[in-house]
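One file, upload.cif, carrying mmCIF, C-alpha atoms, pLDDT in the B column; chains and numbers go by the auth columns:
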```cif
data_upload
loop_
_atom_site.group_PDB
_atom_site.id
_atom_site.type_symbol
_atom_site.label_atom_id
_atom_site.label_comp_id
_atom_site.label_asym_id
_atom_site.label_seq_id
_atom_site.Cartn_x
_atom_site.Cartn_y
_atom_site.Cartn_z
_atom_site.B_iso_or_equiv
_atom_site.auth_seq_id
_atom_site.auth_asym_id
ATOM 1 C CA MET A 1 93.818 107.386 83.428 47.00 1 A
ATOM 2 C CA GLN A 2 97.238 108.809 84.246 47.00 2 A
ATOM 3 C CA THR A 3 100.427 107.054 85.316 47.00 3 A
ATOM 4 C CA ILE A 4 102.986 108.416 87.792 40.00 4 A
ATOM 5 C CA PHE A 5 106.070 106.409 88.739 42.00 5 A
ATOM 6 C CA GLY A 6 104.564 103.379 87.028 48.00 6 A
ATOM 7 C CA ARG A 7 101.358 103.468 89.118 49.00 7 A
ATOM 8 C CA ARG A 8 98.000 104.063 87.477 50.00 8 A
ATOM 9 C CA ILE A 9 96.036 106.961 88.901 48.00 9 A
ATOM 10 C CA ILE A 10 92.335 106.479 89.530 49.00 10 A
ATOM 11 C CA ALA A 11 90.020 108.041 86.947 51.00 11 A
ATOM 12 C CA ALA A 12 88.980 111.574 87.864 57.00 12 A
ATOM 13 C CA LYS A 13 85.683 111.489 89.749 74.00 13 A
ATOM 14 C CA ASP A 14 84.747 113.773 92.608 87.00 14 A
ATOM 15 C CA PHE A 15 83.060 112.470 95.749 95.00 15 A
ATOM 16 C CA GLY A 16 84.249 115.219 98.069 95.00 16 A
ATOM 17 C CA SER A 17 87.405 115.492 100.158 95.00 17 A
ATOM 18 C CA ILE A 18 89.267 114.053 103.143 95.00 18 A
ATOM 19 C CA THR A 19 91.790 115.870 105.320 94.00 19 A
ATOM 20 C CA PHE A 20 94.173 114.600 107.990 94.00 20 A
ATOM 21 C CA SER A 21 95.240 116.513 111.083 96.00 21 A
ATOM 22 C CA ASP A 22 98.915 115.576 110.697 92.00 22 A
ATOM 23 C CA ASP A 23 99.379 117.087 107.233 86.00 23 A
ATOM 24 C CA ASP A 24 98.057 120.038 105.240 82.00 24 A
ATOM 25 C CA ILE A 25 97.031 118.054 102.163 82.00 25 A
ATOM 26 C CA VAL A 26 93.426 117.996 100.952 87.00 26 A
ATOM 27 C CA HIS A 27 92.788 114.672 99.245 91.00 27 A
ATOM 28 C CA ARG A 28 90.067 114.501 96.607 92.00 28 A
ATOM 29 C CA ILE A 29 87.839 111.445 97.036 95.00 29 A
ATOM 30 C CA VAL A 30 87.683 109.647 93.703 93.00 30 A
ATOM 31 C CA ARG A 31 85.897 106.422 94.668 94.00 31 A
ATOM 32 C CA CYS A 32 83.116 105.674 97.148 96.00 32 A
ATOM 33 C CA SER A 33 81.256 102.395 97.621 97.00 33 A
ATOM 34 C CA TRP A 34 78.529 102.136 100.288 98.00 34 A
ATOM 35 C CA THR A 35 76.760 98.816 100.857 97.00 35 A
ATOM 36 C CA GLY A 36 74.839 96.967 103.556 98.00 36 A
ATOM 37 C CA ARG A 37 74.740 93.381 104.772 98.00 37 A
ATOM 38 C CA ILE A 38 72.827 91.318 107.300 97.00 38 A
ATOM 39 C CA GLU A 39 74.695 89.496 110.047 96.00 39 A
ATOM 40 C CA ARG A 40 72.352 86.962 111.558 93.00 40 A
ATOM 41 C CA GLY A 41 71.789 87.508 115.250 91.00 41 A
ATOM 42 C CA SER A 42 73.170 91.061 115.290 96.00 42 A
ATOM 43 C CA GLY A 43 71.490 93.223 112.615 97.00 43 A
ATOM 44 C CA VAL A 44 72.173 95.323 109.512 98.00 44 A
ATOM 45 C CA TRP A 45 75.754 96.475 109.001 98.00 45 A
ATOM 46 C CA PHE A 46 77.081 99.156 106.650 98.00 46 A
ATOM 47 C CA ASP A 47 80.368 98.990 104.759 98.00 47 A
ATOM 48 C CA LEU A 48 82.205 101.856 103.081 98.00 48 A
ATOM 49 C CA ASP A 49 85.185 101.717 100.750 98.00 49 A
ATOM 50 C CA VAL A 50 86.687 105.140 100.019 97.00 50 A
ATOM 51 C CA GLU A 51 89.756 106.039 97.978 95.00 51 A
ATOM 52 C CA ALA A 52 91.305 109.478 97.619 94.00 52 A
ATOM 53 C CA GLU A 53 94.122 110.944 95.543 88.00 53 A
ATOM 54 C CA LEU A 54 96.270 114.025 95.478 81.00 54 A
ATOM 55 C CA VAL A 55 98.008 114.238 92.097 62.00 55 A
ATOM 56 C CA ASP A 56 100.455 117.003 91.182 61.00 56 A
ATOM 57 C CA THR A 57 101.903 116.132 87.770 57.00 57 A
ATOM 58 C CA SER A 58 104.139 119.212 87.753 59.00 58 A
ATOM 59 C CA LYS A 59 106.012 117.858 90.791 57.00 59 A
ATOM 60 C CA MET A 60 105.496 114.175 89.926 54.00 60 A
ATOM 61 C CA ILE A 61 103.694 113.629 93.229 56.00 61 A
ATOM 62 C CA SER A 62 100.900 111.125 93.826 65.00 62 A
ATOM 63 C CA VAL A 63 99.510 110.646 97.332 71.00 63 A
ATOM 64 C CA HIS A 64 96.958 107.900 97.893 88.00 64 A
ATOM 65 C CA ALA A 65 94.623 107.296 100.850 94.00 65 A
ATOM 66 C CA HIS A 66 92.352 104.269 101.265 96.00 66 A
ATOM 67 C CA LEU A 67 89.711 104.084 104.024 97.00 67 A
ATOM 68 C CA SER A 68 87.748 100.849 104.042 97.00 68 A
ATOM 69 C CA SER A 69 85.892 98.128 105.919 97.00 69 A
ATOM 70 C CA THR A 70 86.101 95.680 103.000 96.00 70 A
ATOM 71 C CA ALA A 71 89.610 95.973 101.541 95.00 71 A
ATOM 72 C CA TRP A 72 91.392 93.971 104.235 91.00 72 A
ATOM 73 C CA ASN A 73 89.565 90.740 105.058 87.00 73 A
ATOM 74 C CA GLY A 74 89.615 89.727 108.702 86.00 74 A
ATOM 75 C CA ARG A 75 90.774 93.131 109.948 88.00 75 A
ATOM 76 C CA CYS A 76 87.711 95.353 109.570 92.00 76 A
ATOM 77 C CA TYR A 77 84.005 94.839 110.167 94.00 77 A
ATOM 78 C CA GLY A 78 82.118 98.053 109.245 96.00 78 A
ATOM 79 C CA PHE A 79 79.532 99.431 111.638 97.00 79 A
ATOM 80 C CA LEU A 80 76.174 98.280 112.990 96.00 80 A
ATOM 81 C CA ALA A 81 73.537 100.529 111.426 97.00 81 A
ATOM 82 C CA ALA A 82 70.526 98.791 113.002 97.00 82 A
ATOM 83 C CA PRO A 83 70.613 96.074 115.689 96.00 83 A
ATOM 84 C CA ILE A 84 68.130 93.234 115.482 95.00 84 A
ATOM 85 C CA SER A 85 66.276 94.781 118.432 95.00 85 A
ATOM 86 C CA SER A 86 65.613 97.889 116.315 96.00 86 A
ATOM 87 C CA PRO A 87 65.163 96.860 112.649 96.00 87 A
ATOM 88 C CA LEU A 88 66.489 99.189 109.969 97.00 88 A
ATOM 89 C CA ARG A 89 64.065 101.962 109.092 96.00 89 A
ATOM 90 C CA TRP A 90 65.411 103.652 105.963 94.00 90 A
ATOM 91 C CA SER A 91 64.102 107.096 106.905 91.00 91 A
ATOM 92 C CA LYS A 92 66.209 107.030 110.102 94.00 92 A
ATOM 93 C CA VAL A 93 69.432 106.444 108.200 95.00 93 A
ATOM 94 C CA THR A 94 69.420 110.106 107.179 94.00 94 A
ATOM 95 C CA SER A 95 68.590 111.453 110.635 94.00 95 A
ATOM 96 C CA ASP A 96 70.776 109.416 113.002 94.00 96 A
ATOM 97 C CA THR A 97 74.389 110.012 114.010 97.00 97 A
ATOM 98 C CA TYR A 98 76.424 106.815 114.064 97.00 98 A
ATOM 99 C CA GLU A 99 79.137 106.573 116.701 96.00 99 A
ATOM 100 C CA PHE A 100 81.237 103.423 116.921 94.00 100 A
ATOM 101 C CA ASP A 101 84.607 102.052 118.038 90.00 101 A
ATOM 102 C CA THR A 102 84.421 104.522 120.913 83.00 102 A
ATOM 103 C CA GLU A 103 85.639 102.136 123.623 76.00 103 A
ATOM 104 C CA ASP A 104 89.173 100.885 124.189 64.00 104 A
ATOM 105 C CA LEU A 105 89.843 98.144 121.666 58.00 105 A
ATOM 106 C CA GLU A 106 91.011 94.784 122.947 58.00 106 A
ATOM 107 C CA SER A 107 92.566 93.592 119.699 60.00 107 A
ATOM 108 C CA PRO A 108 94.912 95.739 117.603 58.00 108 A
ATOM 109 C CA ALA A 109 94.121 93.537 114.607 63.00 109 A
ATOM 110 C CA LEU A 110 90.445 94.525 114.448 79.00 110 A
ATOM 111 C CA CYS A 111 88.647 97.802 113.824 89.00 111 A
ATOM 112 C CA ALA A 112 85.534 99.036 112.037 94.00 112 A
ATOM 113 C CA PHE A 113 87.605 100.704 109.289 96.00 113 A
ATOM 114 C CA GLY A 114 91.228 100.414 108.301 94.00 114 A
ATOM 115 C CA LEU A 115 93.211 103.240 106.747 95.00 115 A
ATOM 116 C CA TYR A 116 96.165 103.055 104.390 95.00 116 A
ATOM 117 C CA ARG A 117 98.317 106.071 103.645 91.00 117 A
ATOM 118 C CA THR A 118 102.046 105.390 103.748 86.00 118 A
ATOM 119 C CA ALA A 119 101.296 102.328 105.892 90.00 119 A
ATOM 120 C CA HIS A 120 98.302 100.496 107.355 91.00 120 A
ATOM 121 C CA GLN A 121 96.732 102.361 110.260 92.00 121 A
ATOM 122 C CA HIS A 122 94.004 101.804 112.830 91.00 122 A
ATOM 123 C CA THR A 123 90.931 104.045 113.251 94.00 123 A
ATOM 124 C CA GLY A 124 88.576 104.636 116.168 93.00 124 A
ATOM 125 C CA ASN A 125 86.161 107.043 117.856 94.00 125 A
ATOM 126 C CA HIS A 126 84.089 107.415 114.695 97.00 126 A
ATOM 127 C CA SER A 127 81.227 109.878 114.286 98.00 127 A
ATOM 128 C CA LEU A 128 79.327 109.640 110.989 98.00 128 A
ATOM 129 C CA THR A 129 76.184 111.252 109.605 98.00 129 A
ATOM 130 C CA ILE A 130 74.396 110.520 106.320 98.00 130 A
ATOM 131 C CA ARG A 131 72.109 113.150 104.839 97.00 131 A
ATOM 132 C CA ARG A 132 70.167 113.218 101.579 94.00 132 A
ATOM 133 C CA GLN A 133 71.259 115.892 99.117 93.00 133 A
ATOM 134 C CA PRO A 134 68.453 118.338 98.242 91.00 134 A
ATOM 135 C CA LYS A 135 66.592 117.473 95.048 86.00 135 A
ATOM 136 C CA LYS A 136 69.004 114.608 94.309 88.00 136 A
ATOM 137 C CA PRO A 137 68.907 110.823 94.785 88.00 137 A
ATOM 138 C CA THR A 138 72.403 110.959 96.328 94.00 138 A
ATOM 139 C CA PHE A 139 73.753 111.507 99.838 96.00 139 A
ATOM 140 C CA LYS A 140 76.412 113.484 101.638 97.00 140 A
ATOM 141 C CA ILE A 141 78.388 111.874 104.442 98.00 141 A
ATOM 142 C CA ASP A 142 80.224 113.750 107.175 98.00 142 A
ATOM 143 C CA TRP A 143 82.715 111.464 108.886 98.00 143 A
ATOM 144 C CA ARG A 144 85.287 112.082 111.607 98.00 144 A
ATOM 145 C CA ALA A 145 87.559 109.624 113.411 97.00 145 A
ATOM 146 C CA GLU A 146 90.931 109.251 115.078 96.00 146 A
ATOM 147 C CA ILE A 147 93.965 107.401 113.709 95.00 147 A
ATOM 148 C CA GLY A 148 96.419 105.124 115.493 91.00 148 A
ATOM 149 C CA ASP A 149 99.058 102.513 114.744 88.00 149 A
ATOM 150 C CA PHE A 150 97.988 98.877 114.497 80.00 150 A
ATOM 151 C CA ASP A 151 100.279 97.857 117.355 78.00 151 A
ATOM 152 C CA GLU A 152 98.874 100.584 119.660 77.00 152 A
ATOM 153 C CA PRO A 153 95.295 101.177 118.424 70.00 153 A
ATOM 154 C CA ASN A 154 94.093 103.221 121.418 76.00 154 A
ATOM 155 C CA ASP A 155 97.034 105.617 121.360 86.00 155 A
ATOM 156 C CA TYR A 156 95.751 107.975 118.674 92.00 156 A
ATOM 157 C CA PHE A 157 98.187 110.399 117.076 94.00 157 A
ATOM 158 C CA ALA A 158 96.005 112.044 114.384 96.00 158 A
ATOM 159 C CA SER A 159 92.453 112.316 113.037 97.00 159 A
ATOM 160 C CA PHE A 160 90.641 112.591 109.722 97.00 160 A
ATOM 161 C CA HIS A 161 87.594 114.449 108.469 98.00 161 A
ATOM 162 C CA ALA A 162 85.885 113.161 105.329 97.00 162 A
ATOM 163 C CA LYS A 163 83.205 115.190 103.560 97.00 163 A
ATOM 164 C CA LEU A 164 81.645 112.952 100.944 97.00 164 A
ATOM 165 C CA THR A 165 79.147 114.093 98.333 96.00 165 A
ATOM 166 C CA ALA A 166 77.220 112.314 95.582 95.00 166 A
ATOM 167 C CA ALA A 167 77.349 109.023 97.501 96.00 167 A
ATOM 168 C CA THR A 168 74.879 106.313 96.533 96.00 168 A
ATOM 169 C CA PHE A 169 73.714 103.325 98.548 97.00 169 A
ATOM 170 C CA ASP A 170 74.205 100.110 96.581 96.00 170 A
ATOM 171 C CA GLY A 171 71.763 98.168 98.687 97.00 171 A
ATOM 172 C CA ILE A 172 71.847 95.309 101.159 98.00 172 A
ATOM 173 C CA HIS A 173 73.954 92.618 99.521 97.00 173 A
ATOM 174 C CA PHE A 174 73.370 88.866 99.475 97.00 174 A
ATOM 175 C CA ALA A 175 75.287 85.990 97.927 96.00 175 A
ATOM 176 C CA ALA A 176 74.972 85.467 94.195 94.00 176 A
ATOM 177 C CA GLY A 177 72.086 83.128 93.412 94.00 177 A
ATOM 178 C CA THR A 178 69.868 84.434 96.198 96.00 178 A
ATOM 179 C CA THR A 179 66.331 84.900 94.882 96.00 179 A
ATOM 180 C CA GLN A 180 64.206 87.943 95.619 96.00 180 A
ATOM 181 C CA ARG A 181 61.897 85.870 97.809 96.00 181 A
ATOM 182 C CA ASP A 182 64.846 84.479 99.794 97.00 182 A
ATOM 183 C CA ALA A 183 66.302 87.979 100.237 97.00 183 A
ATOM 184 C CA VAL A 184 62.983 89.348 101.513 96.00 184 A
ATOM 185 C CA ASP A 185 62.650 86.389 103.887 96.00 185 A
ATOM 186 C CA GLN A 186 66.159 87.028 105.251 96.00 186 A
ATOM 187 C CA MET A 187 65.424 90.733 105.702 97.00 187 A
ATOM 188 C CA THR A 188 62.070 90.314 107.440 94.00 188 A
ATOM 189 C CA TYR A 189 63.360 90.459 111.025 93.00 189 A
ATOM 190 C CA TYR A 190 66.053 93.042 110.310 97.00 190 A
ATOM 191 C CA VAL A 191 64.455 95.647 107.992 97.00 191 A
ATOM 192 C CA HIS A 192 61.131 97.519 108.076 96.00 192 A
ATOM 193 C CA ASP A 193 59.063 97.157 104.883 94.00 193 A
ATOM 194 C CA ALA A 194 61.402 94.526 103.440 95.00 194 A
ATOM 195 C CA ASP A 195 58.900 93.702 100.685 94.00 195 A
ATOM 196 C CA LYS A 196 59.207 97.257 99.292 95.00 196 A
ATOM 197 C CA TYR A 197 62.918 96.900 98.532 97.00 197 A
ATOM 198 C CA ARG A 198 63.906 96.362 94.908 96.00 198 A
ATOM 199 C CA PHE A 199 65.848 93.334 93.711 97.00 199 A
ATOM 200 C CA CYS A 200 68.967 94.011 91.598 95.00 200 A
ATOM 201 C CA LYS A 201 71.685 91.714 90.331 93.00 201 A
ATOM 202 C CA ARG A 202 75.363 92.565 90.745 91.00 202 A
ATOM 203 C CA LYS A 203 78.459 90.916 89.311 88.00 203 A
ATOM 204 C CA ASP A 204 79.162 88.711 92.333 91.00 204 A
ATOM 205 C CA ALA A 205 76.060 89.301 94.453 94.00 205 A
ATOM 206 C CA VAL A 206 72.461 90.451 94.467 96.00 206 A
ATOM 207 C CA ALA A 207 71.272 93.619 96.180 97.00 207 A
ATOM 208 C CA MET A 208 68.036 94.853 97.710 97.00 208 A
ATOM 209 C CA LEU A 209 67.648 98.622 97.299 96.00 209 A
ATOM 210 C CA PRO A 210 65.317 100.847 99.341 94.00 210 A
ATOM 211 C CA PRO A 211 62.429 102.316 97.313 86.00 211 A
ATOM 212 C CA ALA A 212 63.970 105.809 97.163 71.00 212 A
ATOM 213 C CA THR A 213 67.418 104.595 96.036 58.00 213 A
ATOM 214 C CA ARG A 214 68.257 104.766 92.345 52.00 214 A
ATOM 215 C CA THR A 215 69.923 101.719 90.790 45.00 215 A
ATOM 216 C CA LYS A 216 73.249 102.076 89.021 46.00 216 A
#
```
Please re-express this file's structure in structure tokens.
Amino acid sequence: MQTIFGRRIIAAKDFGSITFSDDDIVHRIVRCSWTGRIERGSGVWFDLDVEAELVDTSKMISVHAHLSSTAWNGRCYGFLAAPISSPLRWSKVTSDTYEFDTEDLESPALCAFGLYRTAHQHTGNHSLTIRRQPKKPTFKIDWRAEIGDFDEPNDYFASFHAKLTAATFDGIHFAAGTTQRDAVDQMTYYVHDADKYRFCKRKDAVAMLPPATRTK
């Protein structure tokens, strides 16, 4: 762990890169969290929390980017991976293309994912694919979207392109204390083969992982 200008730099891990159309910097992604959740009445939603760093110790420069649906409560909501009318089939996750926030947004305070660089920014017109990495239990994610200011979310001035590698799915999360039986019961109408998912405890939650997903 390094420190520049009194700020701790994230430990060096490599989950790919993210670039922005309004600068020539390639940010290295150093943190990636991918989880799911069930919203009753709508379906299975996916959340991603991605952090990237550019660190040049010779010039004492540290540039940080944070792209997330979970970091700013009440502002971001992730994306609907499977509506209740079409329950989540895990095999389709790695064949579909997810497109969301493609219409004009009514509220500048809400978006699927928020972005922080030098200030908080809005994102929209997302296109995201998830593909399994050959001979590995991990995934690569190709993700493009446009960037706008919070006060004018539909007036986009830039875009980003994230190429994530070695991503893992940390399961569909439920509140701490949820039993395996309760989790399966909650998943029944939203997920195909819910009884084949594996039950895992987390620090502040429990998770149900698809059969092909390795636990951490």
Assuming the chain letters and numbering stay as they are in my file, what does the PyMOL selection byres ((chain A and resi 140) around 7) actually select? List them as a PDB file with C-alpha atoms, keeping the file's coordinate frame.
```
ATOM      1  CA  ILE A 130      74.396 110.520 106.320  1.00 98.00           C
ATOM      2  CA  ARG A 131      72.109 113.150 104.839  1.00 97.00           C
ATOM      3  CA  ARG A 132      70.167 113.218 101.579  1.00 94.00           C
ATOM      4  CA  GLN A 133      71.259 115.892  99.117  1.00 93.00           C
ATOM      5  CA  PHE A 139      73.753 111.507  99.838  1.00 96.00           C
ATOM      6  CA  ILE A 141      78.388 111.874 104.442  1.00 98.00           C
ATOM      7  CA  ASP A 142      80.224 113.750 107.175  1.00 98.00           C
ATOM      8  CA  LEU A 164      81.645 112.952 100.944  1.00 97.00           C
ATOM      9  CA  THR A 165      79.147 114.093  98.333  1.00 96.00           C
ATOM     10  CA  ALA A 166      77.220 112.314  95.582  1.00 95.00           C
ATOM     11  CA  ALA A 167      77.349 109.023  97.501  1.00 96.00           C
TER      12      ALA A 167
END
```
_Set the distance at 7 Å and use all atoms listed in the file: which residues neighbour Gly78 (chain A) once local chain neighbours fewer than 4 positions away are removed? I'd like the list as a list in words._
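That gives Trp45, Phe46, Asp47, Ser69, Ala112 and Phe113 of chain A.
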Can I get the residues of region 14-42 of chain A within 9 Å of region 177-198 of chain A, each with the closest pair of atoms and their distance in Å to one decimal, using only C-alpha atoms, sorted chain first then ascending number, as a tab-separated table?
```
residue	atom	partner	partner_atom	distance
A:Ile38	CA	A:Met187	CA	7.6
A:Arg40	CA	A:Gln186	CA	8.8
A:Ser42	CA	A:Tyr190	CA	8.9
```
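Nearest residue to Ala212 (chain A), choosing from A:Ser95, A:Arg117, A:Trp143, A:Phe169 and counting all atoms listed in the file: A:Phe169.
Our summary of the geometry notes that CA of Asp24 (chain A) is positioned 25.9 Å from CA of Thr102 (chain A).
Remark: for Asp22 (chain A), the closest of the candidate residues A:Val50, A:Ala158, A:Ala65, A:Ala71 is A:Ala158 (distances computed over all atoms listed in the file).
The space between CA of Ser17 (chain A) and CA of Ala52 (chain A) spans 7.6 Å.
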*Thr123 (chain A) surroundings by all atoms listed in the file, 12 Å radius, close-in-sequence under 5 positions cut, as a VMD selection string*: chain A and resid 67 to 69 75 to 78 100 to 105 108 to 116 143 to 161
*If you measure from CA of His126 (chain A) to CA of Lys92 (chain A), what distance in Å do you get, rounded to one decimal?*
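A separation of 18.5 Å between them.
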*For each of A:His120, A:Lys135, A:Lys203, A:His66, take the minimum atom-to-atom distance to Ile29 (chain A), counting all atoms listed in the file, then give the residue where this is smallest.*
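Nearest to Ile29 (chain A): A:His66.
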